[in-house]
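Comments concern the structure below.
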Amino acid sequence: MEFSIVTPVYNDPRIERALDSVVGQTGVSNVEIIVVDGGSTDKTVEIVRSYEDDLDVLIREPDDGIYDAMNKGIRRATGDVVGVLNADDRYTDGSVLADVENRLRETGADVCYGDLVYVDAEDAIVRYWQSGDFRPRRFYLGWMPPHPTFFVRNEVYERYGLYDIGYRIAADYELMLRYLLKEDVTAAYVDRTLVRMASGGESNQSLRNVARANREVVRAWRENSLAGGWFVPFFKLLRKPFQFTAAR
């Protein structure tokens, strides 16, 4: 089983940690590394260049936001399974992809996901996102898998489409909702932490972004002809305090 890992970046030197964590994966036959740089102008350019021998695909051109960059990378992916790892995230250890492969082989599932921890600037864990097994009703209660841990068989992207760039903040939520709830794509859970994610994502940077993300969540339910989306942002908000508590 071959993996393609897509990393979108724009002026974020933390990509060095992300790429180190991908290069350091062991126990899998091949890892195709794809970097999509939206036109960085800082030291990110030098860092990416220093990994030239490890990269299989490097796209450097302006894009229409992070989800457009992800789509560009996925379209170039040739692996059986595709993962998206943002520049400020990294895999927890060198066995992540091997564990994902084993779980996919055991279950025959189309997608696979695990747990995630948010870390601060000192790399201390501040929030623990434990996913648990997928059950459709959990989406109605504000659940979703952590997107950086979400691995998808390439054929699923081909069958059901990529990220809808009409969503500026919640295109990852819309895609996972579409796959898991609307299209009944089969999913498997890896019961361990797969990714360390820098705290302070786009959807949480301001109250305005939080409100926009919630509107996009409701829109995702409506545009996928799924009932019950009006209540989901409320349940999503209720879930977060438990993640902070679990991190202590």
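Chain labels run A, B, ... following the order of the structure tokens; each chain numbers its residues from 1, and ligands are numbered from 1 in the order shown.
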Region 5-88 of chain A: which residues are helix (DSSP H, G or I) by DSSP, as a PyMOL selection string? chain A and resi 15-23+44-50+66-76
Output N, CA and C atoms of each residue in that selection to a file, as an mmCIF file, in the first residue's frame.
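Okay, this is what ended up in out_34.cif:
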data_model
loop_
_atom_site.group_PDB
_atom_site.id
_atom_site.type_symbol
_atom_site.label_atom_id
_atom_site.label_comp_id
_atom_site.auth_asym_id
_atom_site.auth_seq_id
_atom_site.Cartn_x
_atom_site.Cartn_y
_atom_site.Cartn_z
ATOM 1 N N ILE A 15 6.864 24.103 8.598
ATOM 2 C CA ILE A 15 6.786 22.971 7.672
ATOM 3 C C ILE A 15 7.993 22.045 7.834
ATOM 4 N N GLU A 16 9.079 22.561 8.369
ATOM 5 C CA GLU A 16 10.254 21.710 8.587
ATOM 6 C C GLU A 16 9.915 20.537 9.504
ATOM 7 N N ARG A 17 9.177 20.817 10.596
ATOM 8 C CA ARG A 17 8.773 19.738 11.507
ATOM 9 C C ARG A 17 7.816 18.779 10.820
ATOM 10 N N ALA A 18 6.901 19.325 10.034
ATOM 11 C CA ALA A 18 5.928 18.481 9.335
ATOM 12 C C ALA A 18 6.636 17.527 8.381
ATOM 13 N N LEU A 19 7.543 18.061 7.573
ATOM 14 C CA LEU A 19 8.240 17.226 6.606
ATOM 15 C C LEU A 19 9.150 16.208 7.288
ATOM 16 N N ASP A 20 9.799 16.603 8.376
ATOM 17 C CA ASP A 20 10.615 15.655 9.135
ATOM 18 C C ASP A 20 9.774 14.456 9.577
ATOM 19 N N SER A 21 8.544 14.745 10.012
ATOM 20 C CA SER A 21 7.689 13.668 10.518
ATOM 21 C C SER A 21 7.218 12.748 9.400
ATOM 22 N N VAL A 22 7.142 13.258 8.182
ATOM 23 C CA VAL A 22 6.750 12.421 7.042
ATOM 24 C C VAL A 22 7.945 11.603 6.561
ATOM 25 N N VAL A 23 9.082 12.261 6.421
ATOM 26 C CA VAL A 23 10.298 11.570 5.976
ATOM 27 C C VAL A 23 10.657 10.448 6.950
ATOM 28 N N THR A 44 10.427 29.953 4.456
ATOM 29 C CA THR A 44 9.776 28.708 4.038
ATOM 30 C C THR A 44 10.354 28.208 2.719
ATOM 31 N N VAL A 45 10.669 29.130 1.819
ATOM 32 C CA VAL A 45 11.203 28.769 0.504
ATOM 33 C C VAL A 45 12.500 27.984 0.655
ATOM 34 N N GLU A 46 13.402 28.462 1.514
ATOM 35 C CA GLU A 46 14.679 27.784 1.724
ATOM 36 C C GLU A 46 14.477 26.429 2.383
ATOM 37 N N ILE A 47 13.557 26.365 3.335
ATOM 38 C CA ILE A 47 13.316 25.104 4.039
ATOM 39 C C ILE A 47 12.802 24.050 3.067
ATOM 40 N N VAL A 48 11.815 24.426 2.258
ATOM 41 C CA VAL A 48 11.267 23.474 1.289
ATOM 42 C C VAL A 48 12.345 23.039 0.309
ATOM 43 N N ARG A 49 13.170 23.976 -0.111
ATOM 44 C CA ARG A 49 14.242 23.648 -1.056
ATOM 45 C C ARG A 49 15.224 22.651 -0.452
ATOM 46 N N SER A 50 15.441 22.726 0.859
ATOM 47 C CA SER A 50 16.387 21.816 1.510
ATOM 48 C C SER A 50 15.875 20.373 1.533
ATOM 49 N N ILE A 66 -6.409 27.511 1.261
ATOM 50 C CA ILE A 66 -5.792 26.252 1.657
ATOM 51 C C ILE A 66 -6.482 25.040 1.046
ATOM 52 N N TYR A 67 -7.801 25.095 0.877
ATOM 53 C CA TYR A 67 -8.502 23.934 0.327
ATOM 54 C C TYR A 67 -8.218 23.778 -1.166
ATOM 55 N N ASP A 68 -8.015 24.874 -1.855
ATOM 56 C CA ASP A 68 -7.602 24.819 -3.253
ATOM 57 C C ASP A 68 -6.222 24.173 -3.355
ATOM 58 N N ALA A 69 -5.327 24.538 -2.415
ATOM 59 C CA ALA A 69 -3.990 23.939 -2.396
ATOM 60 C C ALA A 69 -4.076 22.435 -2.139
ATOM 61 N N MET A 70 -4.937 22.032 -1.207
ATOM 62 C CA MET A 70 -5.118 20.604 -0.939
ATOM 63 C C MET A 70 -5.591 19.870 -2.189
ATOM 64 N N ASN A 71 -6.555 20.461 -2.879
ATOM 65 C CA ASN A 71 -7.073 19.830 -4.099
ATOM 66 C C ASN A 71 -5.987 19.660 -5.154
ATOM 67 N N LYS A 72 -5.145 20.671 -5.296
ATOM 68 C CA LYS A 72 -4.052 20.580 -6.272
ATOM 69 C C LYS A 72 -3.140 19.400 -5.952
ATOM 70 N N GLY A 73 -2.835 19.242 -4.665
ATOM 71 C CA GLY A 73 -1.973 18.144 -4.260
ATOM 72 C C GLY A 73 -2.622 16.786 -4.463
ATOM 73 N N ILE A 74 -3.900 16.682 -4.114
ATOM 74 C CA ILE A 74 -4.607 15.406 -4.250
ATOM 75 C C ILE A 74 -4.694 14.996 -5.725
ATOM 76 N N ARG A 75 -4.909 15.972 -6.585
ATOM 77 C CA ARG A 75 -4.985 15.649 -8.030
ATOM 78 C C ARG A 75 -3.670 15.076 -8.554
ATOM 79 N N ARG A 76 -2.563 15.440 -7.924
ATOM 80 C CA ARG A 76 -1.254 14.935 -8.359
ATOM 81 C C ARG A 76 -0.868 13.640 -7.650
#
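For region 135-146 of chain A, the non-local neighbours within 8 Å, defined as residues at least 6 positions apart in the same chain or in other chains and counting only C-alpha atoms, are Tyr113, Gly114, Asp115, Leu116, Trp129, Tyr173, Met176, Leu177, Leu180, Leu181, Gly228, Gly229, Phe231, Val232, Pro233, Phe234, Phe235, Lys236, Leu237 and Arg239 of chain A.
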Write the residues you've just listed into a file as a CSV table (one decimal), in the first residue's frame, and include C-alpha atoms for each of them.
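result_32.csv, written as the output of this step:
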chain,number,residue,atom,x,y,z
A,113,TYR,CA,-8.7,8.3,11.2
A,114,GLY,CA,-7.4,8.5,14.8
A,115,ASP,CA,-6.8,10.9,17.7
A,116,LEU,CA,-5.1,14.3,17.8
A,129,TRP,CA,-9.3,15.2,20.6
A,173,TYR,CA,-16.0,19.3,7.7
A,176,MET,CA,-16.0,14.4,5.8
A,177,LEU,CA,-19.8,14.9,6.3
A,180,LEU,CA,-19.3,9.5,5.9
A,181,LEU,CA,-22.9,10.5,6.3
A,228,GLY,CA,-30.7,18.3,11.5
A,229,GLY,CA,-27.8,20.6,10.7
A,231,PHE,CA,-28.4,22.0,16.0
A,232,VAL,CA,-25.0,20.7,15.2
A,233,PRO,CA,-23.0,23.9,16.0
A,234,PHE,CA,-24.5,24.0,19.5
A,235,PHE,CA,-23.4,20.4,20.1
A,236,LYS,CA,-20.0,21.0,18.7
A,237,LEU,CA,-19.5,23.8,21.2
A,239,ARG,CA,-17.9,18.9,23.1
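Remark: for Thr41 (chain A), the closest of the candidate residues A:Asn209, A:Asn102, A:Asn11, A:Asn86 is A:Asn11 (distances computed over only C-alpha atoms).
The spacing separating CA of Cys112 (chain A) from CA of Thr78 (chain A) amounts to 18.0 Å.
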Among region 110-241 of chain A, which ones does DSSP assign to strand (DSSP E or B) (computed from the backbone)? Answer as an MDAnalysis selection string. chainID A and resid 111:119 125:129 151:153 187:198
Quick check, in Å to one decimal: how far apart do CA of Glu122 (chain A) and CA of Thr92 (chain A) lie?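 If I compute the distance from CA of Glu122 (chain A) to CA of Thr92 (chain A), I get 15.3 Å.
Of the listed residues (A:Tyr160, A:Val35, A:Ala220, A:Trp230), A:Val35 comes nearest to Val84 (chain A); the distances count only C-alpha atoms.
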